[in-house]
Amino acid sequence: MIIRRFTEADAQAVSDLIVTTLRVSNTKDYPAETLEALARSETPEHILERAGWTHFYVAEEDGRILGCGAIGPYWGSTEESSLFTVFVHPECQGRGIGARIVRTLEQDEFALCAKRIEIPASITGLPFYRKMGYDFKNGRAEMDEERLYRLEKFRTPLSVRQVADPGEKRRIAREILEALPDWFAVEESREGYIRASGEQPFFAAEQDGRAVGFLCLKETGAATVELAVMGVRKSCHRQGIGKALFADAKRFAVAAGYEFMQVKTVRMGCYEDYDRTNRFYQSLGFRELEVFPTLWDAENPCQVYVMQLNSPLDVLLRRRSYRGKFKPDPVPREDLTAILEAGLAAPSGCNKQTASLIAVDDPETLAALRVVIDPPVAETAPALICVLTRRINAYRDRCFAIQDYAAAIENMLLAVTALGYQSCWYEGHITDTDRICDRMARILGVPEDYELVCMLPVGIAVSEPAMPKKKPFAERAWFNGFQKE
Ligand SMILES: Cc1cc2nc3c(=O)[nH]c(=O)nc-3n(C[C@H](O)[C@H](O)[C@H](O)COP(=O)(O)O)c2cc1C
């Protein structure tokens, strides 16, 4: 049996499963007319609608759907989530499928970033959820008007921090590695890892006030850093802790200017535990570099994985709109030039090259621009790139000026990210009815036949950019036809 994400093709089977379960399992607790009304509402369309704003999972065996469950935000909250639609086919209850579904939901990103998870539990499901650690909301063991119990579970969100103190690093490394004898049984090498960790960039994952995992990096060349060692308590595996540690370590490695990260492990196919480690590294994006059969010893052939840190895909997935403060450090001219060149390298309709660019790094001009950028944004940016367009036709009456400057802007945003800076596409703000853009254009001496349409601040960020909510893949992208696969 596997638990996997719901797809559109599952809607009918999930609807049938829910209707059957309501009619068989819930009859002892609810009147028939209540259940029939519910069954009528659980149509495939209703399931698809719910799957649109939740992360919906199904349990499948031999092509048959045996169970389902979903998790989503609790009334739009980013800090609370709610479980929905947890059902297991009456013939398959008692096999632990419900528990596996709930555990999967509790490891979903909606759960991992939530401080509280709520469940509207039926009378039938109540004992199961109580066993899964859910308590009555606000301590009230009463049903609501829908004859459902409101249950909840609190969780402390996982936090990852970089540890500076060598003693603290060694203490955490010891605590975790000594709890992982399946991977770190050899005392000599374990002690070696612990000793070395004190001097290495060190990231600790903490939950409920205790360390649950750590990761150390080690420089192995001017351009390369090695994921020297990482460990996550076994009871905390499969909760996204390794991924969270790796995300912070990778951010650090990129900011420190490394181009590659390598990691070594025992080659796939030797031991089950190490096979899991291989699959984990592969899932992070590591690629096989080489196997050294006797680097460690003949029983433990060493697989080296490598990852390019600033690959184009990596950069474009990392780009975010940054609206926080910038450090005062100036942006070197060679970096600004590289960003402008990236903009000019963009495609343009009929190669008309209708977009032009002005980088501003002179403090006086920046100050003059700041006076007209009101309400203020990007006030602390040490450089601004202004994007100009000429609305000339590419051919006949076809004007691609908007497409041209949009492509130039995206290229520059990617170059900004690759070089370790942050930016934001400010177009709406300056082209609104108050036409801030026209006042900026006058300060920069832009001729009448050009229009200033966008500004991009450039600088080193003080804080992390916010992660915007993006709609799920399946809502916006398909294979072989509209909303098909
Ligand atoms: C045409 C266009 C105009 C935009 N104008 C503004 C703006 O005036 N102010 C702003 O804060 N962000 C602006 N943005 C940035 C979007 O708000 C941002 O891309 C979106 O929220 C998604 O976040 P992300 O860029 O981090 O993926 C603009 C983006 C585009 C494509």
# chains A, B, ... in the order shown; residues from 1 in each chain; ligands from 1
$ closest_atom_pairs --of "range 369-459 of chain A" --to "range 345-348 of chain A" --cutoff "6 Å" --atoms "only C-alpha atoms" --output "CSV"
residue,atom,partner,partner_atom,distance
A:Asp404,CA,A:Ser348,CA,4.7
A:Ala407,CA,A:Ala346,CA,5.7
A:Ala408,CA,A:Ala346,CA,5.1
$ residues_around --residues "range 177-181 of chain A" --least-positions-apart "4" --cutoff "10 Å" --atoms "only C-alpha atoms" --output "JSON, numbers by chain"
{"A": [172, 173, 185, 186, 187, 190, 191, 193, 194, 213, 214, 229, 230, 231, 232, 233, 234]}
$ write_last_selection --atoms "N, CA and C atoms" --output "compact mmCIF listing (two decimals), in the first residue's frame"
# COMPACT_ATOMS: atom_id res chain seq x y z
N ILE A 172 25.97 19.24 20.68
CA ILE A 172 24.81 18.82 19.87
C ILE A 172 25.21 17.64 18.96
N ALA A 173 26.40 17.74 18.34
CA ALA A 173 26.85 16.66 17.45
C ALA A 173 26.92 15.34 18.22
N ALA A 185 28.40 3.88 14.26
CA ALA A 185 28.77 2.90 15.29
C ALA A 185 30.26 2.95 15.60
N VAL A 186 31.10 3.29 14.60
CA VAL A 186 32.55 3.23 14.81
C VAL A 186 32.99 4.45 15.62
N GLU A 187 33.44 4.14 16.86
CA GLU A 187 33.71 5.23 17.81
C GLU A 187 34.73 6.22 17.28
N ARG A 190 33.24 8.48 14.69
CA ARG A 190 32.22 9.34 15.32
C ARG A 190 32.88 10.47 16.10
N GLU A 191 33.91 10.09 16.90
CA GLU A 191 34.62 11.12 17.69
C GLU A 191 35.30 12.13 16.76
N TYR A 193 34.18 13.10 13.79
CA TYR A 193 33.13 14.03 13.33
C TYR A 193 32.82 15.06 14.42
N ILE A 194 32.71 14.59 15.66
CA ILE A 194 32.33 15.48 16.76
C ILE A 194 33.41 16.54 16.97
N GLY A 213 18.40 17.46 15.17
CA GLY A 213 19.29 17.15 14.06
C GLY A 213 20.32 18.23 13.89
N PHE A 214 21.38 17.92 13.13
CA PHE A 214 22.38 18.94 12.83
C PHE A 214 23.05 18.62 11.50
N VAL A 229 28.90 16.12 7.54
CA VAL A 229 28.14 15.14 8.31
C VAL A 229 26.77 15.73 8.65
N MET A 230 25.77 14.88 8.63
CA MET A 230 24.47 15.32 9.14
C MET A 230 23.79 14.16 9.85
N GLY A 231 22.99 14.48 10.84
CA GLY A 231 22.26 13.45 11.57
C GLY A 231 20.94 13.99 12.04
N VAL A 232 19.92 13.16 11.97
CA VAL A 232 18.59 13.52 12.48
C VAL A 232 18.12 12.35 13.34
N ARG A 233 17.63 12.64 14.54
CA ARG A 233 17.15 11.56 15.42
C ARG A 233 16.20 10.65 14.65
N LYS A 234 16.34 9.32 14.87
CA LYS A 234 15.57 8.38 14.06
C LYS A 234 14.05 8.60 14.23
$ residues_around --residues "Arg287 in chain A" --least-positions-apart "5" --cutoff "12 Å" --atoms "only C-alpha atoms" --output "NGL selection string"
:A and (260-264 or 278-282 or 303-309)
$ write_last_selection --atoms "N, CA and C atoms" --output "mmCIF file, in the first residue's frame"
data_model
loop_
_atom_site.group_PDB
_atom_site.id
_atom_site.type_symbol
_atom_site.label_atom_id
_atom_site.label_comp_id
_atom_site.auth_asym_id
_atom_site.auth_seq_id
_atom_site.Cartn_x
_atom_site.Cartn_y
_atom_site.Cartn_z
ATOM 1 N N PHE A 260 30.048 24.630 -5.778
ATOM 2 C CA PHE A 260 29.652 23.214 -5.749
ATOM 3 C C PHE A 260 29.539 22.740 -4.310
ATOM 4 N N MET A 261 28.666 21.749 -4.115
ATOM 5 C CA MET A 261 28.641 21.050 -2.830
ATOM 6 C C MET A 261 28.788 19.569 -3.117
ATOM 7 N N GLN A 262 29.618 18.883 -2.340
ATOM 8 C CA GLN A 262 29.755 17.435 -2.510
ATOM 9 C C GLN A 262 29.339 16.743 -1.219
ATOM 10 N N VAL A 263 28.992 15.472 -1.345
ATOM 11 C CA VAL A 263 28.693 14.667 -0.162
ATOM 12 C C VAL A 263 29.089 13.227 -0.471
ATOM 13 N N LYS A 264 29.579 12.526 0.555
ATOM 14 C CA LYS A 264 29.997 11.132 0.351
ATOM 15 C C LYS A 264 29.102 10.221 1.189
ATOM 16 N N ASN A 278 21.195 7.510 0.321
ATOM 17 C CA ASN A 278 21.411 7.827 -1.101
ATOM 18 C C ASN A 278 20.181 8.486 -1.697
ATOM 19 N N ARG A 279 19.016 7.874 -1.413
ATOM 20 C CA ARG A 279 17.784 8.415 -2.008
ATOM 21 C C ARG A 279 17.505 9.829 -1.481
ATOM 22 N N PHE A 280 17.831 10.054 -0.210
ATOM 23 C CA PHE A 280 17.627 11.388 0.378
ATOM 24 C C PHE A 280 18.510 12.415 -0.341
ATOM 25 N N TYR A 281 19.799 12.082 -0.532
ATOM 26 C CA TYR A 281 20.686 13.030 -1.216
ATOM 27 C C TYR A 281 20.217 13.275 -2.651
ATOM 28 N N GLN A 282 19.783 12.202 -3.306
ATOM 29 C CA GLN A 282 19.289 12.382 -4.685
ATOM 30 C C GLN A 282 18.074 13.305 -4.699
ATOM 31 N N GLN A 303 30.532 6.483 -2.436
ATOM 32 C CA GLN A 303 29.861 7.194 -3.538
ATOM 33 C C GLN A 303 30.012 8.692 -3.288
ATOM 34 N N VAL A 304 30.557 9.409 -4.267
ATOM 35 C CA VAL A 304 30.632 10.868 -4.144
ATOM 36 C C VAL A 304 29.515 11.478 -4.985
ATOM 37 N N TYR A 305 28.726 12.321 -4.344
ATOM 38 C CA TYR A 305 27.688 13.083 -5.057
ATOM 39 C C TYR A 305 28.133 14.535 -5.149
ATOM 40 N N VAL A 306 27.649 15.229 -6.176
ATOM 41 C CA VAL A 306 27.986 16.642 -6.311
ATOM 42 C C VAL A 306 26.747 17.421 -6.737
ATOM 43 N N MET A 307 26.741 18.698 -6.403
ATOM 44 C CA MET A 307 25.624 19.566 -6.774
ATOM 45 C C MET A 307 26.180 20.930 -7.163
ATOM 46 N N GLN A 308 25.700 21.449 -8.293
ATOM 47 C CA GLN A 308 26.081 22.804 -8.690
ATOM 48 C C GLN A 308 25.188 23.772 -7.901
ATOM 49 N N LEU A 309 25.784 24.718 -7.194
ATOM 50 C CA LEU A 309 24.978 25.532 -6.274
ATOM 51 C C LEU A 309 24.228 26.661 -6.958
#
$ residues_around --residues "range 464-478 of chain A" --least-positions-apart "6" --cutoff "9 Å" --atoms "only C-alpha atoms" --output "MDAnalysis selection string"
chainID A and resid 7:8 52:53 55 320:324 422 484:485
$ write_last_selection --atoms "C-alpha atoms" --output "PDB file, in the first residue's frame"
ATOM      1  CA  THR A   7      -4.793  13.523  -8.867  1.00  0.00           C
ATOM      2  CA  GLU A   8      -7.854  14.691 -10.770  1.00  0.00           C
ATOM      3  CA  GLY A  52      -7.716  22.767  -5.043  1.00  0.00           C
ATOM      4  CA  TRP A  53      -6.988  24.473  -1.727  1.00  0.00           C
ATOM      5  CA  HIS A  55      -2.962  18.978  -0.004  1.00  0.00           C
ATOM      6  CA  ARG A 320      11.863  36.121  -4.701  1.00  0.00           C
ATOM      7  CA  SER A 321      10.424  39.622  -4.483  1.00  0.00           C
ATOM      8  CA  TYR A 322      12.338  41.275  -1.637  1.00  0.00           C
ATOM      9  CA  ARG A 323      10.729  44.275   0.052  1.00  0.00           C
ATOM     10  CA  GLY A 324      12.883  44.478   3.213  1.00  0.00           C
ATOM     11  CA  GLN A 422      17.960  40.841  -3.772  1.00  0.00           C
ATOM     12  CA  LYS A 484      -5.961  16.923 -18.343  1.00  0.00           C
ATOM     13  CA  GLU A 485      -3.043  15.289 -16.556  1.00  0.00           C
TER      14      GLU A 485
END
$ closest_atom_pairs --of "chain A" --to "ligand 1" --cutoff "10 Å" --atoms "only C-alpha atoms and all ligand atoms" --output "Markdown table"
| residue | atom | partner | partner_atom_place_in_ligand_line | distance |
| --- | --- | --- | --- | --- |
| A:Leu316 | CA | ligand 1 | 27 (O) | 9.8 |
| A:Leu317 | CA | ligand 1 | 27 (O) | 8.9 |
| A:Arg318 | CA | ligand 1 | 26 (O) | 8.9 |
| A:Arg319 | CA | ligand 1 | 26 (O) | 6.7 |
| A:Arg320 | CA | ligand 1 | 26 (O) | 3.5 |
| A:Ser321 | CA | ligand 1 | 26 (O) | 3.8 |
| A:Tyr322 | CA | ligand 1 | 26 (O) | 7.0 |
| A:Arg323 | CA | ligand 1 | 11 (O) | 6.6 |
| A:Val377 | CA | ligand 1 | 11 (O) | 8.1 |
| A:Ala378 | CA | ligand 1 | 11 (O) | 9.4 |
| A:Ile402 | CA | ligand 1 | 1 (C) | 9.5 |
| A:Ala406 | CA | ligand 1 | 1 (C) | 7.6 |
| A:Ile409 | CA | ligand 1 | 31 (C) | 9.0 |
| A:Glu410 | CA | ligand 1 | 31 (C) | 8.7 |
| A:Leu413 | CA | ligand 1 | 25 (O) | 9.4 |
| A:Ser423 | CA | ligand 1 | 25 (O) | 9.2 |
| A:Cys424 | CA | ligand 1 | 15 (C) | 6.0 |
| A:Trp425 | CA | ligand 1 | 14 (N) | 4.7 |
| A:Tyr426 | CA | ligand 1 | 7 (C) | 3.9 |
| A:Glu427 | CA | ligand 1 | 5 (N) | 4.0 |
| A:Gly428 | CA | ligand 1 | 8 (O) | 3.4 |
| A:His429 | CA | ligand 1 | 8 (O) | 3.6 |
| A:Ile430 | CA | ligand 1 | 8 (O) | 6.4 |
| A:Thr431 | CA | ligand 1 | 8 (O) | 7.9 |
| A:Asp432 | CA | ligand 1 | 8 (O) | 8.6 |
| A:Val453 | CA | ligand 1 | 1 (C) | 9.5 |
| A:Cys454 | CA | ligand 1 | 3 (C) | 7.9 |
| A:Met455 | CA | ligand 1 | 8 (O) | 8.9 |
| A:Leu456 | CA | ligand 1 | 6 (C) | 9.9 |
| A:Pro465 | CA | ligand 1 | 26 (O) | 7.6 |
| A:Ala466 | CA | ligand 1 | 26 (O) | 7.1 |
| A:Met467 | CA | ligand 1 | 26 (O) | 6.2 |
| A:Pro468 | CA | ligand 1 | 23 (O) | 5.4 |
| A:Lys469 | CA | ligand 1 | 23 (O) | 8.0 |
| A:Lys470 | CA | ligand 1 | 27 (O) | 7.8 |
$ write_last_selection --atoms "N, CA and C atoms" --output "CSV table (one decimal), in the first residue's frame"
chain,number,residue,atom,x,y,z
A,316,LEU,N,16.6,30.4,-10.6
A,316,LEU,CA,15.2,30.9,-10.8
A,316,LEU,C,14.2,30.4,-9.8
A,317,LEU,N,14.5,29.3,-9.2
A,317,LEU,CA,13.6,28.8,-8.1
A,317,LEU,C,13.8,29.6,-6.8
A,318,ARG,N,15.0,30.2,-6.7
A,318,ARG,CA,15.4,30.9,-5.5
A,318,ARG,C,14.9,32.4,-5.6
A,319,ARG,N,14.7,32.9,-6.8
A,319,ARG,CA,14.4,34.3,-6.9
A,319,ARG,C,13.1,34.6,-6.2
A,320,ARG,N,13.1,35.7,-5.4
A,320,ARG,CA,11.9,36.1,-4.7
A,320,ARG,C,11.8,37.6,-4.8
A,321,SER,N,10.6,38.2,-4.6
A,321,SER,CA,10.4,39.6,-4.5
A,321,SER,C,10.8,40.0,-3.1
A,322,TYR,N,11.8,40.9,-3.0
A,322,TYR,CA,12.3,41.3,-1.6
A,322,TYR,C,11.9,42.7,-1.4
A,323,ARG,N,11.2,42.9,-0.2
A,323,ARG,CA,10.7,44.3,0.1
A,323,ARG,C,11.3,44.8,1.4
A,377,VAL,N,9.4,53.1,-1.2
A,377,VAL,CA,9.7,51.7,-1.2
A,377,VAL,C,11.2,51.6,-1.5
A,378,ALA,N,11.9,50.6,-1.1
A,378,ALA,CA,13.3,50.3,-1.4
A,378,ALA,C,14.2,51.5,-1.0
A,402,ILE,N,6.0,45.5,-24.4
A,402,ILE,CA,5.8,45.0,-23.0
A,402,ILE,C,6.5,43.7,-22.8
A,406,ALA,N,9.5,42.9,-20.2
A,406,ALA,CA,9.3,41.9,-19.2
A,406,ALA,C,10.4,40.8,-19.2
A,409,ILE,N,13.5,42.3,-17.7
A,409,ILE,CA,13.4,42.4,-16.2
A,409,ILE,C,13.7,41.0,-15.6
A,410,GLU,N,13.0,40.0,-16.1
A,410,GLU,CA,13.2,38.7,-15.5
A,410,GLU,C,14.7,38.3,-15.6
A,413,LEU,N,16.5,40.1,-12.9
A,413,LEU,CA,16.1,39.5,-11.5
A,413,LEU,C,16.9,38.2,-11.3
A,423,SER,N,16.1,41.8,-5.0
A,423,SER,CA,15.5,42.9,-5.7
A,423,SER,C,13.9,42.7,-5.7
A,424,CYS,N,13.2,43.5,-6.4
A,424,CYS,CA,11.8,43.4,-6.5
A,424,CYS,C,11.3,44.1,-7.8
A,425,TRP,N,10.4,43.5,-8.5
A,425,TRP,CA,9.9,44.2,-9.7
A,425,TRP,C,8.9,45.2,-9.3
A,426,TYR,N,9.3,46.5,-9.2
A,426,TYR,CA,8.4,47.6,-8.9
A,426,TYR,C,7.9,48.2,-10.1
A,427,GLU,N,6.7,47.8,-10.5
A,427,GLU,CA,6.1,48.5,-11.7
A,427,GLU,C,4.7,49.1,-11.4
A,428,GLY,N,3.9,48.3,-10.7
A,428,GLY,CA,2.6,48.8,-10.3
A,428,GLY,C,2.7,50.1,-9.5
A,429,HIS,N,3.7,50.0,-8.5
A,429,HIS,CA,3.9,51.2,-7.6
A,429,HIS,C,4.2,52.5,-8.3
A,430,ILE,N,5.0,52.4,-9.4
A,430,ILE,CA,5.5,53.7,-9.9
A,430,ILE,C,4.7,54.1,-11.2
A,431,THR,N,3.8,53.2,-11.7
A,431,THR,CA,3.1,53.5,-12.9
A,431,THR,C,1.6,53.8,-12.7
A,432,ASP,N,1.3,53.9,-11.4
A,432,ASP,CA,-0.1,54.1,-11.0
A,432,ASP,C,-0.5,55.5,-11.4
A,453,VAL,N,9.2,52.4,-17.0
A,453,VAL,CA,8.0,51.5,-16.6
A,453,VAL,C,8.3,50.7,-15.4
A,454,CYS,N,9.5,50.6,-15.0
A,454,CYS,CA,9.8,49.7,-13.8
A,454,CYS,C,11.1,50.1,-13.2
A,455,MET,N,11.2,49.8,-11.9
A,455,MET,CA,12.5,50.0,-11.2
A,455,MET,C,12.8,48.8,-10.4
A,456,LEU,N,14.1,48.4,-10.4
A,456,LEU,CA,14.5,47.2,-9.6
A,456,LEU,C,15.6,47.7,-8.6
A,465,PRO,N,13.8,37.1,2.2
A,465,PRO,CA,12.6,37.5,1.5
A,465,PRO,C,11.4,36.6,1.9
A,466,ALA,N,10.2,37.2,1.9
A,466,ALA,CA,9.0,36.4,2.3
A,466,ALA,C,8.7,35.4,1.1
A,467,MET,N,8.2,34.3,1.5
A,467,MET,CA,7.8,33.2,0.5
A,467,MET,C,6.3,33.5,0.2
A,468,PRO,N,6.0,33.9,-1.0
A,468,PRO,CA,4.6,34.1,-1.4
A,468,PRO,C,3.9,32.7,-1.5
A,469,LYS,N,2.6,32.7,-1.4
A,469,LYS,CA,1.8,31.5,-1.6
A,469,LYS,C,1.7,31.3,-3.1
A,470,LYS,N,2.1,30.2,-3.6
A,470,LYS,CA,1.9,29.9,-5.0
A,470,LYS,C,0.8,28.8,-5.2
$ select_by_dssp --residues "range 269-387 of chain A" --states "alpha helix (DSSP H)" --output "ChimeraX atom specification"
/A:272-284,312-318,333-344,363-372
$ write_last_selection --atoms "N, CA and C atoms" --output "tab-separated table (two decimals), in the first residue's frame"
chain	number	residue	atom	x	y	z
A	272	GLU	N	20.60	-1.27	3.57
A	272	GLU	CA	19.30	-0.61	3.44
A	272	GLU	C	19.31	0.83	3.98
A	273	ASP	N	19.95	1.01	5.17
A	273	ASP	CA	19.97	2.35	5.78
A	273	ASP	C	20.68	3.35	4.87
A	274	TYR	N	21.81	2.89	4.28
A	274	TYR	CA	22.55	3.80	3.39
A	274	TYR	C	21.82	4.01	2.07
A	275	ASP	N	21.02	3.01	1.64
A	275	ASP	CA	20.22	3.22	0.42
A	275	ASP	C	19.25	4.38	0.64
A	276	ARG	N	18.67	4.44	1.87
A	276	ARG	CA	17.76	5.55	2.20
A	276	ARG	C	18.53	6.88	2.14
A	277	THR	N	19.78	6.85	2.66
A	277	THR	CA	20.60	8.07	2.64
A	277	THR	C	20.86	8.50	1.19
A	278	ASN	N	21.19	7.51	0.32
A	278	ASN	CA	21.41	7.83	-1.10
A	278	ASN	C	20.18	8.49	-1.70
A	279	ARG	N	19.02	7.87	-1.41
A	279	ARG	CA	17.78	8.41	-2.01
A	279	ARG	C	17.50	9.83	-1.48
A	280	PHE	N	17.83	10.05	-0.21
A	280	PHE	CA	17.63	11.39	0.38
A	280	PHE	C	18.51	12.41	-0.34
A	281	TYR	N	19.80	12.08	-0.53
A	281	TYR	CA	20.69	13.03	-1.22
A	281	TYR	C	20.22	13.28	-2.65
A	282	GLN	N	19.78	12.20	-3.31
A	282	GLN	CA	19.29	12.38	-4.69
A	282	GLN	C	18.07	13.31	-4.70
A	283	SER	N	17.19	13.14	-3.68
A	283	SER	CA	15.98	13.97	-3.65
A	283	SER	C	16.33	15.44	-3.41
A	284	LEU	N	17.49	15.71	-2.81
A	284	LEU	CA	17.91	17.10	-2.60
A	284	LEU	C	18.48	17.70	-3.87
A	312	PRO	N	21.22	27.48	-13.28
A	312	PRO	CA	20.14	28.36	-13.70
A	312	PRO	C	18.80	28.00	-13.05
A	313	LEU	N	18.50	26.70	-12.98
A	313	LEU	CA	17.23	26.29	-12.38
A	313	LEU	C	17.17	26.66	-10.90
A	314	ASP	N	18.30	26.45	-10.24
A	314	ASP	CA	18.42	26.76	-8.82
A	314	ASP	C	18.15	28.25	-8.59
A	315	VAL	N	18.75	29.06	-9.44
A	315	VAL	CA	18.62	30.51	-9.31
A	315	VAL	C	17.18	30.94	-9.54
A	316	LEU	N	16.56	30.39	-10.57
A	316	LEU	CA	15.21	30.89	-10.84
A	316	LEU	C	14.19	30.40	-9.81
A	317	LEU	N	14.48	29.27	-9.18
A	317	LEU	CA	13.57	28.83	-8.11
A	317	LEU	C	13.83	29.61	-6.82
A	318	ARG	N	15.04	30.16	-6.71
A	318	ARG	CA	15.39	30.91	-5.49
A	318	ARG	C	14.95	32.38	-5.56
A	333	ARG	N	30.47	48.17	-9.60
A	333	ARG	CA	30.09	48.46	-10.98
A	333	ARG	C	30.10	47.19	-11.86
A	334	GLU	N	31.08	46.29	-11.61
A	334	GLU	CA	31.12	45.09	-12.48
A	334	GLU	C	29.88	44.22	-12.28
A	335	ASP	N	29.35	44.21	-11.04
A	335	ASP	CA	28.12	43.43	-10.81
A	335	ASP	C	26.93	44.12	-11.48
A	336	LEU	N	26.86	45.46	-11.34
A	336	LEU	CA	25.74	46.18	-11.98
A	336	LEU	C	25.80	45.99	-13.49
A	337	THR	N	27.03	46.04	-14.04
A	337	THR	CA	27.18	45.86	-15.48
A	337	THR	C	26.72	44.46	-15.89
A	338	ALA	N	27.10	43.46	-15.09
A	338	ALA	CA	26.70	42.07	-15.41
A	338	ALA	C	25.17	41.95	-15.39
A	339	ILE	N	24.52	42.64	-14.46
A	339	ILE	CA	23.05	42.58	-14.37
A	339	ILE	C	22.42	43.27	-15.60
A	340	LEU	N	22.97	44.43	-15.97
A	340	LEU	CA	22.45	45.14	-17.15
A	340	LEU	C	22.66	44.28	-18.40
A	341	GLU	N	23.82	43.63	-18.49
A	341	GLU	CA	24.09	42.78	-19.67
A	341	GLU	C	23.09	41.63	-19.74
A	342	ALA	N	22.75	41.08	-18.58
A	342	ALA	CA	21.75	40.00	-18.57
A	342	ALA	C	20.43	40.52	-19.11
A	343	GLY	N	20.06	41.75	-18.73
A	343	GLY	CA	18.82	42.35	-19.23
A	343	GLY	C	18.86	42.54	-20.73
A	344	LEU	N	19.98	43.02	-21.25
A	344	LEU	CA	20.09	43.30	-22.68
A	344	LEU	C	20.15	41.99	-23.50
A	363	PRO	N	24.89	58.46	-5.04
A	363	PRO	CA	24.04	58.78	-3.88
A	363	PRO	C	23.15	60.00	-4.09
A	364	GLU	N	23.65	61.00	-4.83
A	364	GLU	CA	22.83	62.21	-5.03
A	364	GLU	C	21.60	61.93	-5.89
A	365	THR	N	21.83	61.18	-6.98
A	365	THR	CA	20.69	60.85	-7.87
A	365	THR	C	19.72	59.93	-7.13
A	366	LEU	N	20.27	58.99	-6.36
A	366	LEU	CA	19.39	58.10	-5.58
A	366	LEU	C	18.53	58.92	-4.62
A	367	ALA	N	19.15	59.91	-3.98
A	367	ALA	CA	18.42	60.75	-3.01
A	367	ALA	C	17.31	61.52	-3.74
A	368	ALA	N	17.62	62.03	-4.93
A	368	ALA	CA	16.61	62.80	-5.68
A	368	ALA	C	15.44	61.88	-6.08
A	369	LEU	N	15.76	60.65	-6.47
A	369	LEU	CA	14.69	59.70	-6.84
A	369	LEU	C	13.83	59.36	-5.63
A	370	ARG	N	14.50	59.20	-4.49
A	370	ARG	CA	13.75	58.83	-3.27
A	370	ARG	C	12.70	59.89	-2.91
A	371	VAL	N	12.98	61.14	-3.22
A	371	VAL	CA	12.03	62.21	-2.90
A	371	VAL	C	10.72	61.99	-3.66
A	372	VAL	N	10.82	61.49	-4.91
A	372	VAL	CA	9.58	61.35	-5.69
A	372	VAL	C	8.94	59.96	-5.53
$ residues_around --residues "Glu91 in chain A" --least-positions-apart "2" --cutoff "12 Å" --atoms "only C-alpha atoms" --output "PyMOL selection string"
chain A and resi 17+20-21+24-25+65-67+87-89+93-95+97
$ write_last_selection --atoms "N, CA and C atoms" --output "compact mmCIF listing (two decimals), in the first residue's frame"
# COMPACT_ATOMS: atom_id res chain seq x y z
N LEU A 17 -15.58 6.11 -2.36
CA LEU A 17 -15.04 5.62 -1.09
C LEU A 17 -15.72 6.33 0.08
N THR A 20 -19.45 5.22 0.45
CA THR A 20 -19.53 3.86 1.04
C THR A 20 -19.22 3.91 2.53
N THR A 21 -18.16 4.63 2.89
CA THR A 21 -17.75 4.65 4.30
C THR A 21 -18.82 5.32 5.16
N VAL A 24 -21.68 2.80 5.58
CA VAL A 24 -21.41 1.57 6.35
C VAL A 24 -20.91 1.90 7.76
N SER A 25 -19.86 2.74 7.84
CA SER A 25 -19.19 2.91 9.14
C SER A 25 -19.89 3.90 10.06
N ILE A 65 -8.27 2.59 -4.54
CA ILE A 65 -8.14 3.61 -3.49
C ILE A 65 -8.82 3.11 -2.22
N LEU A 66 -8.03 2.98 -1.13
CA LEU A 66 -8.53 2.42 0.12
C LEU A 66 -8.81 3.49 1.17
N GLY A 67 -8.20 4.65 0.99
CA GLY A 67 -8.37 5.70 2.00
C GLY A 67 -7.99 7.04 1.44
N PHE A 87 -10.92 9.30 5.47
CA PHE A 87 -11.81 8.13 5.37
C PHE A 87 -10.99 6.89 5.02
N VAL A 88 -11.36 5.75 5.60
CA VAL A 88 -10.74 4.47 5.21
C VAL A 88 -11.89 3.52 4.88
N HIS A 89 -11.77 2.83 3.76
CA HIS A 89 -12.83 1.93 3.31
C HIS A 89 -13.18 0.93 4.42
N GLN A 93 -10.50 -1.14 7.33
CA GLN A 93 -10.23 -0.50 8.62
C GLN A 93 -9.54 -1.50 9.55
N GLY A 94 -8.75 -0.98 10.51
CA GLY A 94 -8.03 -1.86 11.43
C GLY A 94 -6.67 -2.29 10.91
N ARG A 95 -6.29 -1.84 9.70
CA ARG A 95 -4.99 -2.22 9.15
C ARG A 95 -3.94 -1.12 9.33
N ILE A 97 -4.22 1.92 8.19
CA ILE A 97 -4.18 2.83 7.03
C ILE A 97 -4.50 4.26 7.48
$ closest_atom_pairs --of "range 203-273 of chain A" --to "range 290-297 of chain A" --cutoff "10 Å" --atoms "only C-alpha atoms" --output "JSON lines"
{"residue": "A:Lys264", "atom": "CA", "partner": "A:Val291", "partner_atom": "CA", "distance": 9.3}
{"residue": "A:Thr265", "atom": "CA", "partner": "A:Val291", "partner_atom": "CA", "distance": 9.6}
{"residue": "A:Val266", "atom": "CA", "partner": "A:Val291", "partner_atom": "CA", "distance": 9.1}
{"residue": "A:Arg267", "atom": "CA", "partner": "A:Val291", "partner_atom": "CA", "distance": 7.2}
$ write_last_selection --atoms "C-alpha atoms" --output "short mmCIF file (atom, residue, chain, number, x, y, z; two decimals), in the first residue's frame"
data_model
loop_
_atom_site.label_atom_id
_atom_site.label_comp_id
_atom_site.auth_asym_id
_atom_site.auth_seq_id
_atom_site.Cartn_x
_atom_site.Cartn_y
_atom_site.Cartn_z
CA LYS A 264 30.00 11.13 0.35
CA THR A 265 28.09 8.05 1.42
CA VAL A 266 28.19 4.27 1.05
CA ARG A 267 27.23 3.35 -2.51
#
$ closest_residue --among "A:Thr43, A:Thr220, A:Val58, A:Arg150" --to "Gln200 in chain A" --atoms "only C-alpha atoms"
A:Thr220
$ select_by_dssp --residues "range 1-245 of chain A" --states "strand (DSSP E)" --output "PyMOL selection string"
chain A and resi 2-5+55-61+64-73+80-88+116-121+135-136+149-154+159-163+202-207+210-221+224-232
